[in-house]
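Below: structure.cif (mmCIF, C-alpha atoms)
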```cif
data_coords
loop_
_atom_site.label_atom_id
_atom_site.label_comp_id
_atom_site.auth_asym_id
_atom_site.auth_seq_id
_atom_site.Cartn_x
_atom_site.Cartn_y
_atom_site.Cartn_z
CA MET D 1 36.62 35.30 -0.41
CA ASN D 2 33.16 33.97 -1.28
CA HIS D 3 32.08 35.48 -4.59
CA VAL D 4 28.46 34.44 -3.96
CA ASP D 5 28.34 36.90 -1.03
CA LEU D 6 28.99 39.81 -3.40
CA ARG D 7 26.46 38.80 -6.03
CA PRO D 8 23.64 41.39 -6.16
CA LYS D 9 20.49 40.15 -4.44
CA LYS D 10 17.15 40.79 -6.10
CA ARG D 11 14.72 42.37 -3.62
CA SER D 12 11.33 43.97 -4.16
CA ALA D 13 10.85 47.70 -3.68
CA LEU D 14 8.58 46.96 -0.70
CA ARG D 15 11.19 44.80 1.01
CA ILE D 16 13.87 47.44 0.45
CA TRP D 17 11.59 50.14 1.93
CA LEU D 18 10.62 48.03 4.95
CA GLY D 19 14.24 47.09 5.62
CA THR D 20 15.32 50.72 5.38
CA GLN D 21 12.64 51.86 7.84
CA PHE D 22 13.62 49.13 10.31
CA TYR D 23 17.29 50.15 10.32
CA ILE D 24 16.42 53.86 10.53
CA LEU D 25 14.34 53.17 13.65
CA LYS D 26 17.06 50.97 15.10
CA ARG D 27 19.60 53.79 14.67
CA TRP D 28 17.27 56.36 16.18
CA LEU D 29 16.81 54.17 19.26
CA GLU D 30 20.57 53.71 19.54
CA TRP D 31 21.03 57.48 19.57
CA LYS D 32 18.32 57.93 22.21
CA ILE D 33 19.01 55.11 24.67
CA GLY D 34 22.50 53.87 23.78
CA ASN D 35 25.50 54.30 26.08
CA LYS D 36 27.62 56.46 23.76
CA THR D 37 28.33 60.12 24.44
CA TYR D 38 28.07 61.96 21.14
CA ALA D 39 29.93 65.14 20.26
CA THR D 40 27.57 68.11 19.81
CA GLU D 41 29.74 71.15 20.55
CA LEU D 42 30.21 73.42 17.54
CA THR D 43 32.54 76.41 17.72
CA SER D 44 34.08 78.85 15.26
CA GLU D 45 37.19 79.08 17.43
CA MET D 46 39.74 76.70 15.95
CA LEU D 47 41.97 74.48 18.07
CA PRO D 48 45.62 75.54 17.76
CA TYR D 49 47.30 72.59 16.02
CA LYS D 50 46.65 71.01 12.60
CA SER D 51 46.67 67.23 12.42
CA PHE D 52 45.75 66.56 8.78
CA SER D 53 44.01 68.36 5.90
CA HIS D 54 42.64 67.31 2.53
CA LYS D 55 40.47 68.65 -0.28
CA THR D 56 38.50 67.18 -3.17
CA PRO D 57 36.91 68.79 -6.26
CA THR D 58 33.14 69.23 -6.07
CA LEU D 59 32.54 69.43 -9.82
CA ARG D 60 33.75 66.37 -11.68
CA LYS D 61 32.60 65.44 -15.17
CA LEU D 62 31.49 61.80 -15.24
CA LYS D 63 30.47 59.83 -18.31
CA ASP D 64 26.69 59.75 -18.84
CA VAL D 65 26.09 61.87 -15.71
CA ASP D 66 24.45 65.28 -16.23
CA MET D 67 26.25 68.15 -14.51
CA TRP D 68 23.08 69.24 -12.68
CA TYR D 69 23.78 66.34 -10.31
CA GLN D 70 27.11 67.93 -9.44
CA HIS D 71 25.69 71.42 -8.98
CA ASN D 72 22.88 70.12 -6.77
CA LYS D 73 25.46 68.18 -4.77
CA VAL D 74 27.15 71.47 -3.92
CA ILE D 75 23.85 72.84 -2.58
CA ASN D 76 23.49 69.78 -0.35
CA LEU D 77 27.10 69.94 0.81
CA ARG D 78 26.73 73.58 1.85
CA LEU D 79 23.81 72.68 4.10
CA ALA D 80 25.54 69.65 5.63
CA VAL D 81 28.82 71.47 6.23
CA LYS D 82 27.03 74.02 8.43
CA LYS D 83 25.95 71.21 10.77
CA ILE D 84 29.43 69.72 11.13
CA ASN D 85 31.99 72.47 10.74
CA GLY D 86 33.78 73.21 14.00
CA VAL D 87 32.53 70.19 15.95
CA VAL D 88 34.78 69.37 18.90
CA ILE D 89 35.20 65.74 19.95
CA ARG D 90 36.30 65.54 23.57
CA PRO D 91 38.09 62.48 25.03
CA GLY D 92 35.65 59.58 25.26
CA GLU D 93 33.11 61.19 22.92
CA SER D 94 31.92 59.76 19.59
CA PHE D 95 31.32 61.55 16.31
CA SER D 96 28.20 60.49 14.37
CA TYR D 97 27.90 61.85 10.85
CA TRP D 98 24.13 61.63 10.63
CA LYS D 99 23.36 62.61 14.22
CA LEU D 100 24.99 65.97 13.55
CA ILE D 101 23.62 66.55 10.05
CA GLY D 102 20.11 65.26 10.66
CA LYS D 103 17.69 64.00 8.03
CA PRO D 104 18.00 65.75 4.66
CA THR D 105 14.56 67.19 3.75
CA ARG D 106 13.24 69.62 1.18
CA LYS D 107 12.04 71.86 3.99
CA LYS D 108 15.68 72.26 5.06
CA GLY D 109 16.66 73.16 1.49
CA TYR D 110 18.09 69.85 0.30
CA VAL D 111 17.62 69.00 -3.38
CA ASP D 112 17.93 65.91 -5.55
CA GLY D 113 21.48 64.80 -6.23
CA MET D 114 23.22 61.66 -7.42
CA VAL D 115 22.63 58.57 -5.27
CA LEU D 116 24.42 55.30 -6.03
CA PHE D 117 21.94 52.43 -6.16
CA TYR D 118 22.80 48.77 -6.86
CA GLY D 119 25.68 49.57 -9.18
CA THR D 120 24.09 52.49 -10.98
CA PHE D 121 22.85 55.92 -9.96
CA LYS D 122 19.56 57.78 -9.64
CA PRO D 123 18.28 61.11 -8.31
CA GLY D 124 17.81 61.17 -4.54
CA LEU D 125 17.10 63.87 -1.97
CA GLY D 126 20.35 64.97 -0.39
CA GLY D 127 22.39 63.09 -2.98
CA GLY D 128 26.12 63.75 -3.05
CA LEU D 129 26.73 63.85 0.70
CA CYS D 130 28.98 60.80 0.38
CA GLN D 131 31.71 63.18 -0.78
CA LEU D 132 31.68 64.71 2.70
CA SER D 133 31.70 61.36 4.53
CA ASN D 134 34.48 60.15 2.21
CA LEU D 135 36.57 63.20 3.06
CA ILE D 136 36.04 62.89 6.81
CA TYR D 137 36.89 59.18 6.82
CA TRP D 138 40.04 59.65 4.73
CA MET D 139 41.25 62.41 7.02
CA ALA D 140 40.41 60.38 10.14
CA LEU D 141 42.71 57.61 8.91
CA HIS D 142 45.55 60.11 9.31
CA THR D 143 44.77 60.70 12.99
CA PRO D 144 44.66 58.52 16.14
CA LEU D 145 40.85 58.72 16.17
CA THR D 146 39.20 55.28 16.28
CA VAL D 147 36.84 54.42 13.41
CA THR D 148 34.02 52.50 15.10
CA GLU D 149 31.60 52.38 12.18
CA ARG D 150 32.17 52.73 8.46
CA TYR D 151 30.52 51.17 5.40
CA ARG D 152 32.29 50.46 2.14
CA HIS D 153 30.78 50.83 -1.30
CA SER D 154 29.54 47.47 -2.62
CA PHE D 155 30.06 48.56 -6.22
CA ASP D 156 33.05 50.17 -7.91
CA VAL D 157 31.10 52.45 -10.23
CA PHE D 158 33.66 54.79 -11.80
CA PRO D 159 37.19 54.17 -13.19
CA ASP D 160 40.38 55.30 -11.44
CA SER D 161 41.16 58.26 -13.70
CA LYS D 162 42.71 61.04 -11.56
CA ARG D 163 42.11 59.03 -8.38
CA THR D 164 44.72 60.04 -5.79
CA GLN D 165 43.60 57.74 -2.96
CA PRO D 166 43.58 53.94 -2.79
CA PHE D 167 40.49 52.12 -3.94
CA GLY D 168 38.10 51.59 -1.03
CA SER D 169 39.33 54.48 1.10
CA GLY D 170 35.93 56.17 1.30
CA ALA D 171 32.84 55.76 3.45
CA THR D 172 29.39 55.49 1.92
CA CYS D 173 26.46 57.00 3.78
CA SER D 174 22.66 56.80 3.78
CA TYR D 175 20.42 58.39 6.39
CA ASN D 176 20.69 57.31 9.03
CA TYR D 177 21.62 53.65 9.21
CA LEU D 178 24.76 53.81 7.06
CA ASP D 179 26.60 56.12 9.42
CA LEU D 180 30.22 57.12 9.87
CA GLN D 181 31.22 57.06 13.53
CA LEU D 182 34.55 57.90 15.16
CA ARG D 183 35.59 57.76 18.81
CA ASN D 184 38.19 59.87 20.55
CA ASP D 185 40.27 57.47 22.64
CA THR D 186 43.03 60.01 23.24
CA ASP D 187 43.48 62.38 26.19
CA HIS D 188 42.89 65.58 24.21
CA ALA D 189 40.21 67.15 22.03
CA PHE D 190 39.92 66.96 18.24
CA GLN D 191 38.07 69.40 16.03
CA LEU D 192 36.68 68.85 12.52
CA CYS D 193 36.74 71.88 10.23
CA VAL D 194 35.12 71.65 6.78
CA LYS D 195 34.18 74.23 4.19
CA LEU D 196 33.45 74.76 0.52
CA GLU D 197 36.04 76.92 -1.16
CA GLU D 198 35.49 77.78 -4.85
CA ASP D 199 35.06 74.34 -6.50
CA GLU D 200 36.58 72.28 -3.70
CA LEU D 201 35.47 70.64 -0.49
CA VAL D 202 38.18 71.37 2.08
CA GLY D 203 38.61 69.60 5.41
CA GLU D 204 40.96 69.59 8.35
CA TRP D 205 41.36 67.86 11.70
CA ARG D 206 42.74 70.11 14.43
CA LEU D 207 44.08 69.34 17.93
CA GLU D 208 44.50 71.07 21.27
CA LYS D 209 47.95 69.47 21.62
CA PRO D 210 50.72 69.03 19.01
CA PRO D 211 50.42 65.74 17.07
CA LEU D 212 52.92 63.03 17.97
CA HIS D 213 52.68 60.97 14.77
CA VAL D 214 51.95 61.20 11.08
CA TYR D 215 50.23 58.46 9.10
CA LYS D 216 50.76 57.09 5.60
CA VAL D 217 47.75 55.19 4.24
CA TYR D 218 48.36 52.63 1.50
CA GLU D 219 46.84 49.52 -0.07
CA LYS D 220 48.03 45.91 -0.14
CA GLU D 221 46.89 42.79 -1.98
CA HIS D 222 45.07 44.70 -4.71
CA SER D 223 43.48 42.37 -7.25
CA ILE D 224 40.80 42.20 -9.93
CA THR D 225 39.23 38.80 -10.53
CA SER D 226 36.38 37.49 -12.65
CA ALA D 227 33.31 36.08 -10.93
CA TYR D 228 31.79 32.82 -12.15
CA TRP D 229 28.38 34.52 -12.32
CA GLY D 230 29.77 37.23 -14.64
CA GLY D 231 31.55 40.55 -14.27
CA TYR D 232 34.62 41.41 -12.22
CA LEU D 233 35.40 41.79 -8.54
CA ARG D 234 37.88 44.18 -7.02
CA HIS D 235 39.69 43.58 -3.75
CA ASN D 236 42.29 45.24 -1.57
CA VAL D 237 43.45 45.69 2.01
CA ILE D 238 44.07 49.14 3.47
CA HIS D 239 46.95 49.64 5.92
CA ARG D 240 48.61 52.65 7.43
CA LYS D 241 52.15 53.30 8.58
CA VAL D 242 52.57 55.21 11.85
CA ILE D 243 55.62 57.49 11.80
CA ASN D 244 56.94 59.43 14.78
CA LEU D 245 58.25 62.99 14.71
CA SER D 246 61.80 61.72 14.11
CA GLY D 247 60.66 60.11 10.86
CA LYS D 248 60.88 56.55 12.21
CA GLU D 249 58.13 54.04 11.40
CA VAL D 250 56.80 52.73 14.72
CA ASP D 251 53.84 50.67 13.55
CA ASP D 252 52.06 49.29 10.50
CA GLN D 253 48.34 48.95 11.20
CA TYR D 254 45.56 47.09 9.43
CA VAL D 255 42.67 49.43 8.59
CA THR D 256 40.08 47.57 6.54
CA GLU D 257 39.45 45.15 3.68
CA ASN D 258 37.40 46.02 0.59
CA HIS D 259 35.47 43.95 -1.93
CA ALA D 260 33.38 45.47 -4.71
CA ILE D 261 31.64 44.54 -7.93
CA MET D 262 33.16 46.49 -10.83
CA MET D 263 30.67 48.31 -13.05
CA TYR D 264 33.12 49.13 -15.86
CA GLU D 265 35.63 47.30 -18.03
CA PRO D 266 38.75 46.74 -15.90
CA LEU D 267 41.16 46.73 -18.85
CA LEU D 268 40.47 50.27 -20.05
CA THR D 269 43.49 52.26 -21.16
CA ALA D 270 44.33 55.51 -19.39
CA SER D 271 42.70 57.59 -22.15
CA GLU D 272 39.58 55.42 -22.12
CA GLN D 273 39.35 55.78 -18.35
CA GLU D 274 39.54 59.55 -18.75
CA GLN D 275 36.53 59.45 -21.07
CA SER D 276 34.59 57.13 -18.76
CA GLY D 277 35.41 58.97 -15.53
#
```
Would you mind giving the structure from this file in structure tokens?
Amino acid sequence: MNHVDLRPKKRSALRIWLGTQFYILKRWLEWKIGNKTYATELTSEMLPYKSFSHKTPTLRKLKDVDMWYQHNKVINLRLAVKKINGVVIRPGESFSYWKLIGKPTRKKGYVDGMVLFYGTFKPGLGGGLCQLSNLIYWMALHTPLTVTERYRHSFDVFPDSKRTQPFGSGATCSYNYLDLQLRNDTDHAFQLCVKLEEDELVGEWRLEKPPLHVYKVYEKEHSITSAYWGGYLRHNVIHRKVINLSGKEVDDQYVTENHAIMMYEPLLTASEQEQSG
């Protein structure tokens, strides 16, 4: 691993803005003239079989982060969930996170939430929607859906306190060029169901045929190393075990590799992590 590649690059605000606009336009053209068939069908009628479900808390107290960020995140999540809940992905179709949600704007009701930015955070319109993309990606890893596009977080911002998933098992998002895309390479339809229930974001993948396998996602080669330019780097490899209905492991598949710059002291005790996270 080349540590220089992870070192934050100093760029002017103008260059960041121009680069963002270029990639937004590039994505828009891909949606319009590309050769993918994107899923657009939304229905309240649920497919009969459950593949995998998961839920995450929407209100989490983080050190030095005002709770209004969390409450505004819930507002944004409610709007985004309406655009995605019930989408059916037919065989050969692709799911695009941002194509379904659209651009978050104040006119649509989106508000400022927490946006991660170069290892820190700031207010940003539509902030907090990464919790939804994280949930969808994590659930997709427990299905035979093919992840065709996913972006990892470049910075590990918060400690592991109460973390139940491996480091690097999420998917960051930014309209519209940092997208999460999945493709259905099976011979039957999948359906994504998501909702907000009390203080939790709840998701589920459903099928029109009974599932043939279950999946166990885990990490390998986890390490924390110091960088010569200062700070610490975190690394791991995500795999998943494929288990048939008889309980026999039939495959062990590579999923992805993660590298991130740590933005907190890696040797915190459990109690210190609780206070920081």
Apply the PyMOL selection byres ((chain D and resi 68) around 12) to the structure shown and report the selected residues as number ranges by chain.
-> D: 59-62, 64-67, 69-75, 111-114, 123, 127-128
Counting all atoms listed in the file, the option among D:Leu178, D:Ala39, D:Val194, D:Ala227 closest to D:Asn85 |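 The shortest atom-to-atom distance to D:Asn85 comes from D:Val194.
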Expected selection from the PyMOL selection byres ((chain D and resi 180) around 7), given as a PyMOL selection string = chain D and resi 96-97+133+149-150+178-179+181-182
Contacts of stretch 204-212 of chain D within 10 Å, only C-alpha atoms, excl. fewer than 6 positions in-chain, as a PyMOL selection string = chain D and resi 46-55+85-86+88-89+135-136+139-140+142-144+187-195+242-246
May I have the residues from that selection written out with C-alpha atoms, as a PDB file, keeping the file's coordinate frame?
```pdb
ATOM      1  CA  MET D  46      39.740  76.700  15.950  1.00  0.00           C
ATOM      2  CA  LEU D  47      41.970  74.480  18.070  1.00  0.00           C
ATOM      3  CA  PRO D  48      45.620  75.540  17.760  1.00  0.00           C
ATOM      4  CA  TYR D  49      47.300  72.590  16.020  1.00  0.00           C
ATOM      5  CA  LYS D  50      46.650  71.010  12.600  1.00  0.00           C
ATOM      6  CA  SER D  51      46.670  67.230  12.420  1.00  0.00           C
ATOM      7  CA  PHE D  52      45.750  66.560   8.780  1.00  0.00           C
ATOM      8  CA  SER D  53      44.010  68.360   5.900  1.00  0.00           C
ATOM      9  CA  HIS D  54      42.640  67.310   2.530  1.00  0.00           C
ATOM     10  CA  LYS D  55      40.470  68.650  -0.280  1.00  0.00           C
ATOM     11  CA  ASN D  85      31.990  72.470  10.740  1.00  0.00           C
ATOM     12  CA  GLY D  86      33.780  73.210  14.000  1.00  0.00           C
ATOM     13  CA  VAL D  88      34.780  69.370  18.900  1.00  0.00           C
ATOM     14  CA  ILE D  89      35.200  65.740  19.950  1.00  0.00           C
ATOM     15  CA  LEU D 135      36.570  63.200   3.060  1.00  0.00           C
ATOM     16  CA  ILE D 136      36.040  62.890   6.810  1.00  0.00           C
ATOM     17  CA  MET D 139      41.250  62.410   7.020  1.00  0.00           C
ATOM     18  CA  ALA D 140      40.410  60.380  10.140  1.00  0.00           C
ATOM     19  CA  HIS D 142      45.550  60.110   9.310  1.00  0.00           C
ATOM     20  CA  THR D 143      44.770  60.700  12.990  1.00  0.00           C
ATOM     21  CA  PRO D 144      44.660  58.520  16.140  1.00  0.00           C
ATOM     22  CA  ASP D 187      43.480  62.380  26.190  1.00  0.00           C
ATOM     23  CA  HIS D 188      42.890  65.580  24.210  1.00  0.00           C
ATOM     24  CA  ALA D 189      40.210  67.150  22.030  1.00  0.00           C
ATOM     25  CA  PHE D 190      39.920  66.960  18.240  1.00  0.00           C
ATOM     26  CA  GLN D 191      38.070  69.400  16.030  1.00  0.00           C
ATOM     27  CA  LEU D 192      36.680  68.850  12.520  1.00  0.00           C
ATOM     28  CA  CYS D 193      36.740  71.880  10.230  1.00  0.00           C
ATOM     29  CA  VAL D 194      35.120  71.650   6.780  1.00  0.00           C
ATOM     30  CA  LYS D 195      34.180  74.230   4.190  1.00  0.00           C
ATOM     31  CA  VAL D 242      52.570  55.210  11.850  1.00  0.00           C
ATOM     32  CA  ILE D 243      55.620  57.490  11.800  1.00  0.00           C
ATOM     33  CA  ASN D 244      56.940  59.430  14.780  1.00  0.00           C
ATOM     34  CA  LEU D 245      58.250  62.990  14.710  1.00  0.00           C
ATOM     35  CA  SER D 246      61.800  61.720  14.110  1.00  0.00           C
TER      36      SER D 246
END
```
With all atoms listed in the file as the atoms that count, which of D:Glu30, D:Glu93, D:Glu265, D:Glu221 lies nearest to D:Val157?
->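 Nearest to D:Val157: D:Glu265.
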Could you please determine the separation between atom CA of D:His239 and atom CA of D:Thr256 in Å, to one decimal place?
->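 Distance reported for this atom pair: 7.2 Å.
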When the PyMOL selection byres ((chain D and resi 116) around 12) is applied to the file above, which residues end up in the set, as a PyMOL selection string?
-> chain D and resi 65+69+113-115+117-131+153-158+172-174+263
May I ask for the distance between atom CA of D:Tyr151 and atom CA of D:Glu197, given in Å to one decimal place?
->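 Spanning atom CA of D:Tyr151 to atom CA of D:Glu197 is a straight-line distance of 27.1 Å.
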Kindly give the distance, in Å, that separates atom CA of D:Asn184 and atom CA of D:His213, rounded to a single decimal.
->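 That distance, rounded to one decimal, is 15.6 Å.
Of the listed residues (D:Ala171, D:Leu14, D:Ala260, D:Ala80), D:Ala260 comes nearest to D:Arg234; the distances count all atoms listed in the file.
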Which protein, DNA or RNA residues have an atom at most 10 Å from (16.4, 57.5, 11.2), counting all atoms listed in the file? List them as a ChimeraX atom specification.
-> /D:20-29,31,98-99,102-103,174-177
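Distance annotation: of D:Thr56, D:Thr148, D:Thr164, D:Ser223, the residue with the minimal separation from D:Pro266 is D:Ser223; atom set is only C-alpha atoms.
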Pick from D:Thr186, D:Asn76, D:Ser226, D:Asn35 nearest to D:Pro91, counting all atoms listed in the file |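 Looking only at the distances to D:Pro91, the closest residue turns out to be D:Thr186.
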Between D:Thr37, D:Asn258, D:Thr146, D:Ser94, which one has atoms that come closest to D:Leu233, using all atoms listed in the file?
->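 Result for the nearest residue to D:Leu233: D:Asn258.
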List the neighbours of D:Pro57 out to 9 Å using only C-alpha atoms; skip same-chain residues closer than 3 positions along the sequence, and give me the result as a list of chain:residue names.
->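 Selected residues are D:Arg60, D:Asp199, D:Glu200, D:Leu201, D:Val202.
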Tell me which residues come within 10 Å of (42.8, 47.6, 9.9), as an mmCIF file with C-alpha atoms, in the coordinates of the input, counting all atoms listed in the file in the file's coordinates.
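Done, and the output landed in result_7.cif:
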```
data_model
loop_
_atom_site.group_PDB
_atom_site.id
_atom_site.type_symbol
_atom_site.label_atom_id
_atom_site.label_comp_id
_atom_site.auth_asym_id
_atom_site.auth_seq_id
_atom_site.Cartn_x
_atom_site.Cartn_y
_atom_site.Cartn_z
ATOM 1 C CA VAL D 147 36.840 54.420 13.410
ATOM 2 C CA VAL D 237 43.450 45.690 2.010
ATOM 3 C CA ILE D 238 44.070 49.140 3.470
ATOM 4 C CA HIS D 239 46.950 49.640 5.920
ATOM 5 C CA ARG D 240 48.610 52.650 7.430
ATOM 6 C CA ASP D 252 52.060 49.290 10.500
ATOM 7 C CA GLN D 253 48.340 48.950 11.200
ATOM 8 C CA TYR D 254 45.560 47.090 9.430
ATOM 9 C CA VAL D 255 42.670 49.430 8.590
ATOM 10 C CA THR D 256 40.080 47.570 6.540
ATOM 11 C CA GLU D 257 39.450 45.150 3.680
#
```
